[in-house]
$ cat query28.cif   # mmCIF, C-alpha atoms and all ligand atoms
data_structure
#
loop_
_atom_site.group_PDB
_atom_site.id
_atom_site.type_symbol
_atom_site.label_atom_id
_atom_site.label_comp_id
_atom_site.auth_asym_id
_atom_site.auth_seq_id
_atom_site.Cartn_x
_atom_site.Cartn_y
_atom_site.Cartn_z
ATOM 1 C CA MET A 16 -3.069 45.294 22.913
ATOM 2 C CA ALA A 17 -5.016 42.014 23.070
ATOM 3 C CA GLY A 18 -4.783 41.723 19.267
ATOM 4 C CA ASN A 19 -0.975 41.850 19.481
ATOM 5 C CA ASP A 20 -0.838 39.513 22.434
ATOM 6 C CA ALA A 21 -2.702 36.473 21.094
ATOM 7 C CA GLY A 22 0.299 34.165 20.651
ATOM 8 C CA LEU A 23 1.186 32.096 17.597
ATOM 9 C CA LEU A 24 -0.111 28.555 17.188
ATOM 10 C CA LEU A 25 2.124 26.267 15.139
ATOM 11 C CA PHE A 26 1.727 22.640 14.068
ATOM 12 C CA ALA A 27 4.837 20.692 13.087
ATOM 13 C CA TRP A 28 4.636 17.395 11.224
ATOM 14 C CA ARG A 29 6.741 15.428 8.781
ATOM 15 C CA GLY A 30 9.419 18.066 8.504
ATOM 16 C CA ALA A 31 6.978 20.897 7.809
ATOM 17 C CA VAL A 32 5.631 23.693 10.007
ATOM 18 C CA PHE A 33 2.158 25.146 9.724
ATOM 19 C CA ARG A 34 0.616 28.273 11.113
ATOM 20 C CA VAL A 35 -2.780 27.669 12.690
ATOM 21 C CA ALA A 36 -5.189 30.599 12.741
ATOM 22 C CA ASP A 37 -8.644 31.520 13.935
ATOM 23 C CA GLY A 38 -11.410 30.577 11.538
ATOM 24 C CA VAL A 39 -9.455 27.685 9.991
ATOM 25 C CA GLN A 40 -9.739 24.181 11.389
ATOM 26 C CA PRO A 41 -6.495 22.970 13.015
ATOM 27 C CA PRO A 42 -5.255 19.515 11.939
ATOM 28 C CA LYS A 43 -7.228 16.685 13.550
ATOM 29 C CA ALA A 44 -6.908 12.891 13.603
ATOM 30 C CA GLY A 45 -8.841 12.763 10.320
ATOM 31 C CA SER A 46 -6.437 15.225 8.681
ATOM 32 C CA LEU A 47 -3.409 13.095 9.551
ATOM 33 C CA PHE A 48 -5.173 9.865 8.521
ATOM 34 C CA PHE A 49 -6.029 11.509 5.185
ATOM 35 C CA CYS A 50 -2.445 12.706 4.585
ATOM 36 C CA ARG A 51 -0.910 9.343 5.499
ATOM 37 C CA HIS A 52 -2.800 7.701 2.659
ATOM 38 C CA LEU A 53 -2.261 10.272 -0.066
ATOM 39 C CA ALA A 54 0.389 9.586 -2.649
ATOM 40 C CA ALA A 55 1.369 11.561 -5.719
ATOM 41 C CA ARG A 56 4.363 11.187 -7.983
ATOM 42 C CA PRO A 57 6.626 14.177 -8.638
ATOM 43 C CA GLY A 58 5.140 16.306 -11.402
ATOM 44 C CA GLU A 59 1.596 14.985 -11.014
ATOM 45 C CA ARG A 60 -1.184 17.601 -10.975
ATOM 46 C CA VAL A 61 -3.113 17.472 -7.719
ATOM 47 C CA LEU A 62 -6.281 19.264 -6.621
ATOM 48 C CA GLU A 63 -7.133 19.413 -2.929
ATOM 49 C CA ILE A 64 -10.678 20.670 -2.282
ATOM 50 C CA GLY A 65 -11.192 22.193 1.172
ATOM 51 C CA SER A 66 -7.520 22.439 2.070
ATOM 52 C CA GLY A 67 -7.968 24.307 5.371
ATOM 53 C CA LEU A 68 -4.523 25.435 6.454
ATOM 54 C CA GLY A 69 -2.902 23.508 3.614
ATOM 55 C CA LEU A 70 -1.504 20.465 5.429
ATOM 56 C CA ALA A 71 -2.000 17.915 2.633
ATOM 57 C CA ALA A 72 -1.336 20.462 -0.107
ATOM 58 C CA VAL A 73 2.020 21.515 1.328
ATOM 59 C CA LEU A 74 3.164 17.937 2.006
ATOM 60 C CA LEU A 75 2.207 16.846 -1.525
ATOM 61 C CA ALA A 76 4.010 19.883 -2.958
ATOM 62 C CA LYS A 77 7.071 19.006 -0.859
ATOM 63 C CA GLY A 78 7.006 15.616 -2.562
ATOM 64 C CA GLY A 79 7.168 17.295 -5.971
ATOM 65 C CA ALA A 80 3.487 17.358 -6.998
ATOM 66 C CA ARG A 81 2.027 20.458 -8.682
ATOM 67 C CA VAL A 82 -0.767 21.358 -6.316
ATOM 68 C CA VAL A 83 -3.882 23.509 -6.575
ATOM 69 C CA ALA A 84 -5.527 23.883 -3.145
ATOM 70 C CA THR A 85 -8.956 25.422 -2.725
ATOM 71 C CA ASP A 86 -11.146 26.497 0.138
ATOM 72 C CA ILE A 87 -14.412 28.363 0.496
ATOM 73 C CA VAL A 88 -13.095 30.352 3.487
ATOM 74 C CA PRO A 89 -10.910 33.359 2.545
ATOM 75 C CA GLU A 90 -8.837 33.062 5.763
ATOM 76 C CA ALA A 91 -7.983 29.484 4.771
ATOM 77 C CA VAL A 92 -6.785 30.501 1.320
ATOM 78 C CA ALA A 93 -4.526 33.156 2.860
ATOM 79 C CA LEU A 94 -3.202 30.577 5.330
ATOM 80 C CA ILE A 95 -2.506 27.991 2.606
ATOM 81 C CA ARG A 96 -0.406 30.614 0.809
ATOM 82 C CA ALA A 97 1.417 31.548 4.007
ATOM 83 C CA ASN A 98 2.083 27.915 4.933
ATOM 84 C CA ALA A 99 3.351 27.105 1.448
ATOM 85 C CA GLN A 100 5.738 30.049 1.693
ATOM 86 C CA VAL A 101 6.956 29.084 5.183
ATOM 87 C CA ASN A 102 7.787 25.616 3.858
ATOM 88 C CA GLY A 103 9.406 26.855 0.657
ATOM 89 C CA VAL A 104 6.977 25.216 -1.777
ATOM 90 C CA ASP A 105 4.593 26.439 -4.466
ATOM 91 C CA VAL A 106 0.908 25.791 -3.874
ATOM 92 C CA ASP A 107 -1.639 27.482 -6.113
ATOM 93 C CA ALA A 108 -4.255 28.472 -3.492
ATOM 94 C CA ARG A 109 -7.663 29.509 -4.817
ATOM 95 C CA LEU A 110 -10.881 30.684 -3.209
ATOM 96 C CA GLY A 111 -14.187 29.104 -4.139
ATOM 97 C CA ASP A 112 -16.809 26.414 -3.902
ATOM 98 C CA CYS A 113 -15.943 22.871 -4.876
ATOM 99 C CA TYR A 114 -14.777 22.819 -8.553
ATOM 100 C CA ALA A 115 -15.629 26.468 -9.312
ATOM 101 C CA PRO A 116 -11.982 27.628 -9.018
ATOM 102 C CA VAL A 117 -10.716 24.946 -11.454
ATOM 103 C CA GLU A 118 -13.236 25.077 -14.268
ATOM 104 C CA GLY A 119 -11.898 23.366 -17.401
ATOM 105 C CA GLU A 120 -8.836 21.919 -15.614
ATOM 106 C CA ARG A 121 -7.937 18.264 -15.114
ATOM 107 C CA PHE A 122 -5.826 16.532 -12.474
ATOM 108 C CA ASP A 123 -4.081 13.220 -11.831
ATOM 109 C CA LEU A 124 -5.301 13.234 -8.227
ATOM 110 C CA ILE A 125 -8.289 15.002 -6.691
ATOM 111 C CA CYS A 126 -8.394 14.682 -2.931
ATOM 112 C CA THR A 127 -10.490 15.961 -0.067
ATOM 113 C CA ASN A 128 -11.069 15.480 3.639
ATOM 114 C CA PRO A 129 -14.396 17.247 3.347
ATOM 115 C CA PRO A 130 -16.926 18.600 5.802
ATOM 116 C CA GLN A 131 -19.143 15.551 6.329
ATOM 117 C CA MET A 132 -20.820 15.820 9.696
ATOM 118 C CA PRO A 133 -24.558 15.198 9.244
ATOM 119 C CA THR A 134 -26.300 18.380 10.299
ATOM 120 C CA PRO A 135 -29.843 18.284 11.673
ATOM 121 C CA PRO A 136 -32.357 20.390 9.728
ATOM 122 C CA GLY A 137 -32.319 24.011 10.866
ATOM 123 C CA ARG A 138 -28.831 23.698 12.422
ATOM 124 C CA ALA A 139 -26.810 24.781 9.351
ATOM 125 C CA ARG A 140 -24.743 27.942 9.903
ATOM 126 C CA ASN A 141 -22.795 30.174 7.619
ATOM 127 C CA ASP A 142 -19.430 30.615 9.332
ATOM 128 C CA PRO A 143 -15.939 29.133 8.932
ATOM 129 C CA VAL A 144 -16.317 26.611 11.780
ATOM 130 C CA ALA A 145 -19.530 25.284 10.272
ATOM 131 C CA ALA A 146 -17.862 25.187 6.840
ATOM 132 C CA ALA A 147 -15.212 22.855 8.251
ATOM 133 C CA ASP A 148 -17.697 20.390 9.744
ATOM 134 C CA ASN A 149 -21.182 20.559 8.308
ATOM 135 C CA GLY A 150 -21.948 18.187 5.476
ATOM 136 C CA GLY A 151 -25.642 18.912 5.007
ATOM 137 C CA VAL A 152 -28.479 16.887 6.495
ATOM 138 C CA ASP A 153 -27.074 13.486 5.446
ATOM 139 C CA GLY A 154 -23.368 14.417 5.517
ATOM 140 C CA TRP A 155 -22.967 13.933 1.752
ATOM 141 C CA GLU A 156 -23.719 17.449 0.507
ATOM 142 C CA ILE A 157 -20.152 18.381 -0.511
ATOM 143 C CA LEU A 158 -18.990 14.843 -1.239
ATOM 144 C CA ASP A 159 -21.849 14.235 -3.670
ATOM 145 C CA ARG A 160 -20.729 17.268 -5.648
ATOM 146 C CA VAL A 161 -17.071 16.265 -5.453
ATOM 147 C CA ILE A 162 -17.870 12.762 -6.753
ATOM 148 C CA HIS A 163 -20.244 13.999 -9.453
ATOM 149 C CA GLY A 164 -17.679 16.485 -10.789
ATOM 150 C CA ALA A 165 -14.636 14.212 -10.531
ATOM 151 C CA PRO A 166 -14.832 12.463 -13.941
ATOM 152 C CA GLY A 167 -14.847 15.866 -15.672
ATOM 153 C CA HIS A 168 -11.766 17.003 -13.725
ATOM 154 C CA LEU A 169 -9.656 13.828 -13.766
ATOM 155 C CA VAL A 170 -7.294 12.832 -16.546
ATOM 156 C CA ALA A 171 -7.718 9.302 -17.914
ATOM 157 C CA GLY A 172 -6.270 6.991 -15.256
ATOM 158 C CA GLY A 173 -6.631 9.661 -12.557
ATOM 159 C CA ARG A 174 -8.067 9.061 -9.090
ATOM 160 C CA LEU A 175 -10.301 10.714 -6.534
ATOM 161 C CA VAL A 176 -9.364 10.090 -2.881
ATOM 162 C CA PHE A 177 -11.491 11.136 0.093
ATOM 163 C CA THR A 178 -12.272 10.321 3.716
ATOM 164 C CA ILE A 179 -15.601 9.284 5.191
ATOM 165 C CA PHE A 180 -16.900 8.384 8.606
ATOM 166 C CA ALA A 181 -18.214 4.809 8.601
ATOM 167 C CA PHE A 182 -21.628 6.120 9.637
ATOM 168 C CA LEU A 183 -21.999 7.664 6.176
ATOM 169 C CA GLY A 184 -21.851 4.150 4.756
ATOM 170 C CA LYS A 185 -19.294 2.241 2.698
ATOM 171 C CA LYS A 186 -21.930 0.849 0.345
ATOM 172 C CA PRO A 187 -23.412 4.269 -0.485
ATOM 173 C CA ALA A 188 -19.868 5.549 -1.108
ATOM 174 C CA PHE A 189 -19.152 2.723 -3.543
ATOM 175 C CA ALA A 190 -22.543 3.147 -5.263
ATOM 176 C CA LYS A 191 -22.002 6.890 -5.706
ATOM 177 C CA LEU A 192 -18.535 6.319 -7.207
ATOM 178 C CA GLU A 193 -19.819 3.607 -9.543
ATOM 179 C CA ALA A 194 -22.690 5.862 -10.642
ATOM 180 C CA ALA A 195 -20.061 8.457 -11.591
ATOM 181 C CA GLY A 196 -18.146 5.861 -13.620
ATOM 182 C CA LEU A 197 -15.292 5.550 -11.094
ATOM 183 C CA THR A 198 -13.977 2.251 -9.758
ATOM 184 C CA PRO A 199 -14.203 2.256 -5.948
ATOM 185 C CA SER A 200 -11.794 0.755 -3.444
ATOM 186 C CA ILE A 201 -10.939 1.195 0.218
ATOM 187 C CA VAL A 202 -7.435 2.556 0.660
ATOM 188 C CA ALA A 203 -7.330 2.444 4.471
ATOM 189 C CA SER A 204 -9.418 2.323 7.617
ATOM 190 C CA GLU A 205 -8.697 3.588 11.102
ATOM 191 C CA THR A 206 -10.493 3.705 14.433
ATOM 192 C CA GLN A 207 -10.579 7.195 15.899
ATOM 193 C CA GLU A 208 -12.011 8.862 18.970
ATOM 194 C CA PHE A 209 -15.703 9.646 18.524
ATOM 195 C CA PRO A 210 -15.890 13.341 17.518
ATOM 196 C CA ARG A 211 -17.352 15.702 20.088
ATOM 197 C CA ILE A 212 -19.621 17.350 17.544
ATOM 198 C CA ALA A 213 -21.001 13.909 16.622
ATOM 199 C CA TYR A 214 -22.037 13.335 20.266
ATOM 200 C CA GLU A 215 -24.060 16.535 20.031
ATOM 201 C CA ARG A 216 -25.811 15.131 16.922
ATOM 202 C CA LEU A 217 -25.927 11.477 17.938
ATOM 203 C CA ASP A 218 -29.672 10.904 17.502
ATOM 204 C CA HIS A 219 -29.630 12.483 14.077
ATOM 205 C CA ILE A 220 -26.547 10.522 12.965
ATOM 206 C CA ARG A 221 -27.886 7.240 14.362
ATOM 207 C CA ALA A 222 -31.113 7.723 12.406
ATOM 208 C CA LEU A 223 -29.018 7.889 9.193
ATOM 209 C CA ASP A 224 -26.183 5.341 9.785
ATOM 210 C CA PRO A 225 -27.132 3.083 6.819
ATOM 211 C CA GLU A 226 -24.902 0.183 7.948
ATOM 212 C CA ALA A 227 -25.726 0.439 11.662
ATOM 213 C CA THR A 228 -22.087 1.052 12.567
ATOM 214 C CA LEU A 229 -22.877 2.889 15.808
ATOM 215 C CA GLY A 230 -24.664 0.131 17.715
ATOM 216 C CA THR A 231 -27.024 1.093 20.517
ATOM 217 C CA GLY A 232 -24.882 2.502 23.346
ATOM 218 C CA VAL A 233 -22.905 5.724 23.498
ATOM 219 C CA PRO A 234 -20.014 5.188 21.074
ATOM 220 C CA ALA A 235 -16.448 5.836 22.210
ATOM 221 C CA THR A 236 -14.891 5.432 18.779
ATOM 222 C CA VAL A 237 -15.703 5.789 15.114
ATOM 223 C CA GLU A 238 -14.322 3.964 12.096
ATOM 224 C CA ARG A 239 -13.010 6.139 9.318
ATOM 225 C CA PHE A 240 -12.140 5.218 5.733
ATOM 226 C CA VAL A 241 -9.995 6.624 2.982
ATOM 227 C CA ILE A 242 -11.778 5.737 -0.246
ATOM 228 C CA GLN A 243 -10.567 5.930 -3.821
ATOM 229 C CA GLY A 244 -12.492 6.206 -7.063
ATOM 230 C CA ALA A 245 -10.316 5.501 -10.086
ATOM 231 C CA ARG A 246 -11.092 6.770 -13.548
ATOM 232 C CA GLY A 247 -10.453 4.205 -16.282
ATOM 233 C CA VAL A 248 -7.668 4.885 -18.746
ATOM 234 C CA SER A 249 -9.833 4.642 -21.847
ATOM 235 C CA ARG A 250 -13.105 6.135 -20.673
ATOM 236 C CA ASP A 251 -13.944 9.483 -22.279
ATOM 237 C CA ARG A 252 -16.166 11.476 -19.886
HETATM 238 C C1 LIG B 1 -12.826 18.982 7.517
HETATM 239 S S1 LIG B 1 -12.022 20.478 7.003
HETATM 240 C C2 LIG B 1 -10.520 19.761 6.368
HETATM 241 C C3 LIG B 1 -9.379 20.718 6.298
HETATM 242 C C4 LIG B 1 -8.037 20.083 5.870
HETATM 243 N N1 LIG B 1 -8.090 19.605 4.512
HETATM 244 C C5 LIG B 1 -7.682 18.949 6.795
HETATM 245 O O1 LIG B 1 -7.711 17.795 6.366
HETATM 246 O O2 LIG B 1 -7.379 19.241 7.964
HETATM 247 C C6 LIG B 1 -12.926 20.876 5.522
HETATM 248 C C7 LIG B 1 -12.468 22.126 4.770
HETATM 249 O O3 LIG B 1 -13.310 22.301 3.621
HETATM 250 C C8 LIG B 1 -13.625 23.674 3.466
HETATM 251 N N2 LIG B 1 -14.891 23.751 2.705
HETATM 252 C C9 LIG B 1 -16.151 23.638 3.181
HETATM 253 N N3 LIG B 1 -17.044 23.705 2.188
HETATM 254 C C10 LIG B 1 -16.337 23.870 1.037
HETATM 255 C C11 LIG B 1 -16.707 24.010 -0.333
HETATM 256 N N4 LIG B 1 -17.978 23.995 -0.711
HETATM 257 N N5 LIG B 1 -15.716 24.156 -1.245
HETATM 258 C C12 LIG B 1 -14.408 24.182 -0.858
HETATM 259 N N6 LIG B 1 -14.004 24.053 0.432
HETATM 260 C C13 LIG B 1 -14.952 23.893 1.369
HETATM 261 C C14 LIG B 1 -13.708 24.193 4.879
HETATM 262 O O4 LIG B 1 -13.559 25.589 4.959
HETATM 263 C C15 LIG B 1 -12.559 23.413 5.553
HETATM 264 O O5 LIG B 1 -11.343 24.113 5.453
#
$ encode --input "query28.cif" --output "structure tokens"
Amino acid sequence: MAGNDAGLLLFAWRGAVFRVADGVQPPKAGSLFFCRHLAARPGERVLEIGSGLGLAAVLLAKGGARVVATDIVPEAVALIRANAQVNGVDVDARLGDCYAPVEGERFDLICTNPPQMPTPPGRARNDPVAAADNGGVDGWEILDRVIHGAPGHLVAGGRLVFTIFAFLGKKPAFAKLEAAGLTPSIVASETQEFPRIAYERLDHIRALDPEATLGTGVPATVERFVIQGARGVSRDR
């Protein structure tokens, strides 16, 4: 009886409706910030890595982009498919780690609002909630792989767009993009409420914080960035 009596959580935004389900992170401030600064022209090929319930993927598909959305959590992939169907759009939802589901394919836009919460040693877990938040010891575990693989999955002139917390560091983000041959820029910044999980890891995060963004007291807010790495039109990588 309890299984049939759990209710149905829905999230409505920008003319679309999304089912929210256990094991898949519901949209947060970072998700909306990310979506607000994503743009794709009709017909462009888009890859979203770590799509969760498919918020960005569905909205981009509604705008006419041809979207592949991946996640490492099977429940998320099922939910992306369901949410695409509810909103009457096609999203090619695939299960797998980072670029594994799109081997040999190239995109105009690769985007991700990735798990990026620095995770103290010994605190990593292997469950869907952890998959949504944990970014390895320094927060860059997934992003490093996304950046490294981007040139091989972007068409000439394509772009990689992702979010970071300021405590991961703007300069490291730019250096990592430049090392991959991508031209970095900041698309947007926003001040958000300090995440609860970051309070639980404050000492660990403060010990990393390469640009000392957190100051010395207990932070109430965090700065967040949407960052782009553009692939040159003539570069052959
Ligand atoms: C911070 S959540 C973002 C979800 C959604 N895109 C949003 O903005 O609300 C990160 C997502 O990445 C997925 N994920 C974690 N590790 C991954 C990996 N190695 N490859 C693909 N997806 C991954 C998680 O399951 C989760 O759905």
$ residues_around --input "query28.cif" --residues "Ser66 in chain A" --least-positions-apart "4" --cutoff "6 Å" --atoms "only C-alpha atoms" --output "PDB file with C-alpha atoms, keeping the file's coordinate frame"
ATOM      1  CA  ALA A  84      -5.527  23.883  -3.145  1.00  0.00           C
ATOM      2  CA  THR A  85      -8.956  25.422  -2.725  1.00  0.00           C
ATOM      3  CA  ASP A  86     -11.146  26.497   0.138  1.00  0.00           C
TER       4      ASP A  86
END
$ residues_near_ligand --input "query28.cif" --ligand "ligand LIG 1 (chain B)" --cutoff "7 Å" --atoms "only C-alpha atoms and all ligand atoms" --output "ChimeraX atom specification"
/A:39-43,45-46,49,64-71,85-88,91,111-113,127-130,143,146-148,157
$ resolve_selection --input "query28.cif" --expression "the PyMOL selection byres (((chain A and resi 192-208) around 9) and not hetatm)" --output "PyMOL selection string"
chain A and resi 44-45+48+52+162-166+174-176+185+187-191+209-211+235-247+250+252
$ atom_distance --input "query28.cif" --atom1 "CA of Tyr214 in chain A" --atom2 "CA of Pro234 in chain A"
8.4 Å
$ atom_distance --input "query28.cif" --atom1 "CA of Gly38 in chain A" --atom2 "CA of Asp142 in chain A"
8.3 Å
$ axis_aligned_box --input "query28.cif" --around "range 150-160 of chain A" --padding-each-side "4 Å" --output "AutoDock Vina command-line options"
--center_x -23.7 --center_y 16.2 --center_z 0.4 --size_x 17.5 --size_y 13.4 --size_z 20.1
$ closest_residue --input "query28.cif" --among "A:Leu23, A:Ala108, A:Ile212, A:Leu223" --to "Trp155 in chain A" --atoms "all atoms listed in the file"
A:Leu223
$ atom_distance --input "query28.cif" --atom1 "CA of Val233 in chain A" --atom2 "CA of Phe182 in chain A"
13.9 Å
$ closest_residue --input "query28.cif" --among "A:Leu217, A:Leu47, A:Val35, A:Val161" --to "Pro133 in chain A" --atoms "all atoms listed in the file"
A:Leu217
$ resolve_selection --input "query28.cif" --expression "the PyMOL selection byres (((chain A and resi 29) around 12) and not hetatm)" --output "VMD selection string"
chain A and resid 26 to 28 30 to 33 47 50 to 51 70 to 71 73 to 75 77 to 78 102
$ residues_around --input "query28.cif" --residues "Asn149 in chain A" --least-positions-apart "4" --cutoff "6 Å" --atoms "all atoms listed in the file" --output "ChimeraX atom specification"
/A:130-132,134,145
$ residues_around --input "query28.cif" --residues "Leu62 in chain A" --least-positions-apart "3" --cutoff "7 Å" --atoms "only C-alpha atoms" --output "ChimeraX atom specification"
/A:82-84,122,124-126
$ decode --input "query28.cif" --residues "range 172-219 of chain A" --atoms "C-alpha atoms" --output "mmCIF file, in the first residue's frame"
data_model
loop_
_atom_site.group_PDB
_atom_site.id
_atom_site.type_symbol
_atom_site.label_atom_id
_atom_site.label_comp_id
_atom_site.auth_asym_id
_atom_site.auth_seq_id
_atom_site.Cartn_x
_atom_site.Cartn_y
_atom_site.Cartn_z
ATOM 1 C CA GLY A 172 33.838 25.909 -33.435
ATOM 2 C CA GLY A 173 31.939 23.932 -30.784
ATOM 3 C CA ARG A 174 31.812 24.822 -27.091
ATOM 4 C CA LEU A 175 31.885 23.178 -23.692
ATOM 5 C CA VAL A 176 29.750 24.860 -21.005
ATOM 6 C CA PHE A 177 29.781 23.904 -17.324
ATOM 7 C CA THR A 178 29.132 25.228 -13.828
ATOM 8 C CA ILE A 179 31.588 25.494 -10.959
ATOM 9 C CA PHE A 180 31.484 26.691 -7.393
ATOM 10 C CA ALA A 181 33.905 29.593 -6.921
ATOM 11 C CA PHE A 182 35.738 27.564 -4.281
ATOM 12 C CA LEU A 183 36.980 25.247 -7.036
ATOM 13 C CA GLY A 184 38.809 28.225 -8.510
ATOM 14 C CA LYS A 185 38.350 30.317 -11.646
ATOM 15 C CA LYS A 186 42.058 30.268 -12.464
ATOM 16 C CA PRO A 187 42.342 26.464 -12.296
ATOM 17 C CA ALA A 188 39.245 26.230 -14.518
ATOM 18 C CA PHE A 189 40.797 28.519 -17.121
ATOM 19 C CA ALA A 190 44.158 26.700 -16.932
ATOM 20 C CA LYS A 191 42.500 23.305 -17.406
ATOM 21 C CA LEU A 192 40.549 24.563 -20.441
ATOM 22 C CA GLU A 193 43.646 26.154 -21.970
ATOM 23 C CA ALA A 194 45.619 22.941 -21.410
ATOM 24 C CA ALA A 195 42.915 21.136 -23.405
ATOM 25 C CA GLY A 196 43.226 23.672 -26.232
ATOM 26 C CA LEU A 197 39.906 25.401 -25.452
ATOM 27 C CA THR A 198 39.490 29.155 -25.091
ATOM 28 C CA PRO A 199 37.997 29.933 -21.665
ATOM 29 C CA SER A 200 35.498 32.622 -20.741
ATOM 30 C CA ILE A 201 33.025 33.297 -17.955
ATOM 31 C CA VAL A 202 29.461 33.213 -19.228
ATOM 32 C CA ALA A 203 27.742 34.202 -15.970
ATOM 33 C CA SER A 204 28.106 34.376 -12.213
ATOM 34 C CA GLU A 205 25.509 34.207 -9.476
ATOM 35 C CA THR A 206 25.463 34.292 -5.691
ATOM 36 C CA GLN A 207 23.573 31.365 -4.210
ATOM 37 C CA GLU A 208 22.761 30.070 -0.756
ATOM 38 C CA PHE A 209 25.671 28.110 0.705
ATOM 39 C CA PRO A 210 24.872 24.410 0.097
ATOM 40 C CA ARG A 211 24.043 22.352 3.162
ATOM 41 C CA ILE A 212 26.391 19.561 2.141
ATOM 42 C CA ALA A 213 29.218 22.114 1.854
ATOM 43 C CA TYR A 214 28.676 23.142 5.506
ATOM 44 C CA GLU A 215 29.222 19.507 6.446
ATOM 45 C CA ARG A 216 32.546 19.572 4.535
ATOM 46 C CA LEU A 217 33.571 23.144 5.304
ATOM 47 C CA ASP A 218 37.032 22.426 6.736
ATOM 48 C CA HIS A 219 37.908 20.212 3.811
#
